[in-house]
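Trainee: Submitted below is the structure of interest, expressed as structure tokens.
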Number of protein chains: 2
Amino acid sequence: MSPKDFASNLLQGVSEEGRAAALKRAVSRRLDRKQVLFREGETAAAMYLLEAGRLKLTQLAADGQEVLVRFVGPGDLCAGVAALEGSAYPVTARAVEPTSLLLWPRDVLRELCQRHPQIQTNILRAITGHLQDSMTRARELATERVASRVARTLLRLAQQSGRPVDGGILVDHPLSRQELAEMTGTTLYTVSRLLSAWEDAGLVEAGRERVTIRSVEGLEAVVEDE
Amino acid sequence: MSPKDFASNLLQGVSEEGRAAALKRAVSRRLDRKQVLFREGETAAAMYLLEAGRLKLTQLAADGQEVLVRFVGPGDLCAGVAALEGSAYPVTARAVEPTSLLLWPRDVLRELCQRHPQIQTNILRAITGHLQDSMTRARELATERVASRVARTLLRLAQQSGRPVDGGILVDHPLSRQELAEMTGTTLYTVSRLLSAWEDAGLVEAGRERVTIRSVEGLEAVVEDE
DNA sequence: CGTGCCCTTGAAGATCTTCAAACGCAGTGG
DNA sequence: CCACTGCGTTTGAAGATCTTCAAGGGCACG
């Protein structure tokens, strides 16, 4: 495996020459916790690929409420289409922990995509994945109860960014009740109550901006018993 | 304007030769009302472009409830990525009125995309639009009340498939309370009550599988006053 | 003329939000 | 080192919103 293996989502199937060209033209950048990478509505300047750390992408609702669209982890792409089309970023991106990433300015990206169409194909694949996720999310919001949605979200976070610890899986980045609420379309109060109940039942262990899943099966049962 | 202008979403920016090649290799097909074009989970056989009529795309929730993802109208693409990747259709497509469309079998589509990369770019653009829509939908489901969501949905339908009639805009295809409920994450009962109230207030006129918007401003006010 | 499908409406009650109050840890500054 | 302060969290109580269930009406189509 190459040392630049985290780039596989972007560069898989690209010729050796294309990979080299892409990596050579990439710019490196670091972000502190809570630092903003870009804001919703700004004209897209670049496409980003995460090396390490984590971003959260949010959208503002009409009434000012924030909605958490997704977390972006190592190897994930971000703002691919907005950069290609030169349109506005559809979300705001903020680091939830110290983060390092590569970026390709808009014009560089366009040139790379023209010379190496497989890169565009890979961006298309990434977008398709996000579309699937978004449809799944909308379907769950439309048909499931809050408890199911929160349980599902925890299970998903465990998969995406879970770190095994003794007797459980820790979601390995800061995660507040408020953020869980913004991911599931509910309030921080309801999330707090659910976590308290699940803690009593031995399904999770909850701390300040920390959640550890103690029983995956238990949470799956919560998802089922609508 | 070309007689094949409905194909602009797919063929804009494609060379004259590419447009000709694409149209030559397209297969024509007709559907009756309620006829199924493809089902969620089947391996994708082709990409579709609507000439006339309307499809509805639905997804099944875990508990068997149907969710209405969107309506597809003339000029709209459908199943582009699933066909390119040879994966499963993510939704079921059903005609809600007599419909005619063009289709490109999977292998033909792949060849066209290779020879004319702009076609793939156009598919990427279409998918991006759907991603935006889906995110908007999820955000609304997460933050807005039922009345707002139903009102918004009616306004959107008026834009997409509205036909001016005396004193209003008719949504120009069959549209049941159940379908409106499946679009907005509520029940047919709640939709029925809302439409009855809005009819009394003079905002809409509702019939069997028919809705006419009498006051766009009135519905916009419903959206606002959360 | 019946039958099926779509629609309406009432009543009861579950689910979830809202508001208010208070707790406790983490980091800061005295 | 301690107190202060901010922020994330917890919990109770009240009540709004929406669903669910039940019953019935009416139009369209065979």
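The way I read the labels, and the way they are meant: chains A, B, ... in the order of the structure tokens, residue 1 as the first residue of every chain, and ligand 1 as the first ligand shown, with later ones counted on from there.
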Give me the residues within 8 Å of segment 203-218 of chain A as a list of chain:residue names, counting only C-alpha atoms (C1' of nucleotides) and dropping any in the same chain fewer than 2 places off.

Mentor: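 Once the nearby chain positions are removed, what remains is A:Leu154, A:Leu155, A:Ala158, A:Gly167, A:Gly168, A:Ile169, A:Leu170, A:Val171, A:His173, A:Pro174, A:Leu175, A:Ser176, A:Arg177, A:Leu195, A:Ser196, A:Trp198, A:Glu199, A:Asp200, A:Ala201, A:Glu220, A:Ala221, A:Val222, D:DG8, D:DT9.
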
Trainee: Produce a table with one row for each residue of chain D that has an atom at most 12 Å from any atom of chain A, each row naming the nearest atom pair and its distance in Å at one decimal; use only C-alpha atoms (C1' of nucleotides); arrange rows by chain and rising residue number; format as JSON lines.

Mentor:
```
{"residue": "D:DC7", "atom": "C1'", "partner": "A:Arg208", "partner_atom": "CA", "distance": 10.3}
{"residue": "D:DG8", "atom": "C1'", "partner": "A:Arg208", "partner_atom": "CA", "distance": 6.6}
{"residue": "D:DT9", "atom": "C1'", "partner": "A:Arg208", "partner_atom": "CA", "distance": 7.5}
{"residue": "D:DT10", "atom": "C1'", "partner": "A:Ser192", "partner_atom": "CA", "distance": 7.2}
{"residue": "D:DT11", "atom": "C1'", "partner": "A:Arg193", "partner_atom": "CA", "distance": 8.4}
{"residue": "D:DG12", "atom": "C1'", "partner": "A:Arg193", "partner_atom": "CA", "distance": 11.6}
{"residue": "D:DT19", "atom": "C1'", "partner": "A:Arg145", "partner_atom": "CA", "distance": 11.8}
```

Trainee: Report the distance between atom CA of Arg54 of chain A and atom CA of Ser8 of chain A in Å, rounded to one decimal place.

Mentor: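 Distance between the two atoms: 17.6 Å.
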
Trainee: Just asking: which residues within segment 136-216 of chain A are alpha helix (DSSP H) according to DSSP, as number ranges by chain?

Mentor: A: 136-143, 146-161, 177-184, 188-200, 216

Trainee: Write out as a PyMOL selection string the set of residues from segment 38-120 of chain B that DSSP, computed on the backbone, places in strand (DSSP E).

Mentor: chain B and resi 38+46-60+66-72+77-78+92-105

Trainee: Using C-alpha atoms, can you export the residues from the last selection as a tab-separated table (two decimals), in the first residue's frame?

Mentor:
```
chain	number	residue	atom	x	y	z
B	38	PHE	CA	-38.27	-0.74	-12.42
B	46	ALA	CA	-30.56	1.24	-18.25
B	47	MET	CA	-30.71	5.00	-17.79
B	48	TYR	CA	-33.99	6.77	-18.60
B	49	LEU	CA	-34.93	10.20	-19.92
B	50	LEU	CA	-38.56	11.29	-19.82
B	51	GLU	CA	-40.19	12.66	-22.94
B	52	ALA	CA	-43.72	13.11	-21.64
B	53	GLY	CA	-45.80	12.02	-18.68
B	54	ARG	CA	-44.65	11.53	-15.11
B	55	LEU	CA	-43.03	8.90	-12.91
B	56	LYS	CA	-43.00	8.71	-9.17
B	57	LEU	CA	-39.97	7.33	-7.37
B	58	THR	CA	-40.56	5.59	-4.06
B	59	GLN	CA	-38.56	3.82	-1.40
B	60	LEU	CA	-39.68	1.27	1.12
B	66	GLU	CA	-43.64	3.82	1.30
B	67	VAL	CA	-41.76	7.10	1.01
B	68	LEU	CA	-42.19	9.21	-2.10
B	69	VAL	CA	-38.75	10.42	-3.13
B	70	ARG	CA	-39.76	12.64	-6.04
B	71	PHE	CA	-41.72	12.98	-9.25
B	72	VAL	CA	-39.85	12.78	-12.55
B	77	LEU	CA	-33.02	11.89	-16.01
B	78	CYS	CA	-33.51	8.80	-13.97
B	92	THR	CA	-39.03	1.98	-7.51
B	93	ALA	CA	-40.28	3.94	-10.54
B	94	ARG	CA	-43.96	3.91	-11.43
B	95	ALA	CA	-45.91	5.98	-13.99
B	96	VAL	CA	-48.61	8.17	-12.46
B	97	GLU	CA	-49.99	8.94	-15.91
B	98	PRO	CA	-49.34	7.67	-19.44
B	99	THR	CA	-45.65	8.22	-20.05
B	100	SER	CA	-43.14	7.97	-22.87
B	101	LEU	CA	-39.40	7.89	-22.40
B	102	LEU	CA	-36.05	7.13	-23.96
B	103	LEU	CA	-33.66	4.63	-22.45
B	104	TRP	CA	-30.04	3.69	-22.91
B	105	PRO	CA	-28.99	0.16	-21.90
```

Trainee: Pick out the chain A residues within 10 Å of chain C. Count only C-alpha atoms (C1' of nucleotides). Give them as a PDB file with C-alpha atoms, in the first residue's frame.

Mentor:
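Just written: selection.pdb:
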```
ATOM      1  CA  ARG A 145     -39.418   7.699  15.924  1.00  0.00           C
ATOM      2  CA  VAL A 146     -36.778   9.723  17.641  1.00  0.00           C
ATOM      3  CA  THR A 186     -34.855  16.409  17.685  1.00  0.00           C
ATOM      4  CA  THR A 187     -33.894  18.470  20.730  1.00  0.00           C
ATOM      5  CA  TYR A 189     -33.402  17.466  25.891  1.00  0.00           C
ATOM      6  CA  THR A 190     -34.831  14.412  24.218  1.00  0.00           C
ATOM      7  CA  ARG A 208     -19.477  15.241  28.471  1.00  0.00           C
TER       8      ARG A 208
END
```

Trainee: Mind running chain B against chain A at 6 Å and telling me each contacting residue's nearest atom pair with the distance in Å (one decimal), counting only C-alpha atoms, chain and number ascending, as a tab-separated table?

Mentor:
```
residue	atom	partner	partner_atom	distance
B:Leu124	CA	A:Leu124	CA	5.9
B:Leu131	CA	A:Leu131	CA	5.0
B:Ser134	CA	A:Ser134	CA	5.9
B:Ala138	CA	A:Ala138	CA	4.6
B:Ala142	CA	A:Gly185	CA	4.0
B:Gly185	CA	A:Ala142	CA	4.0
```
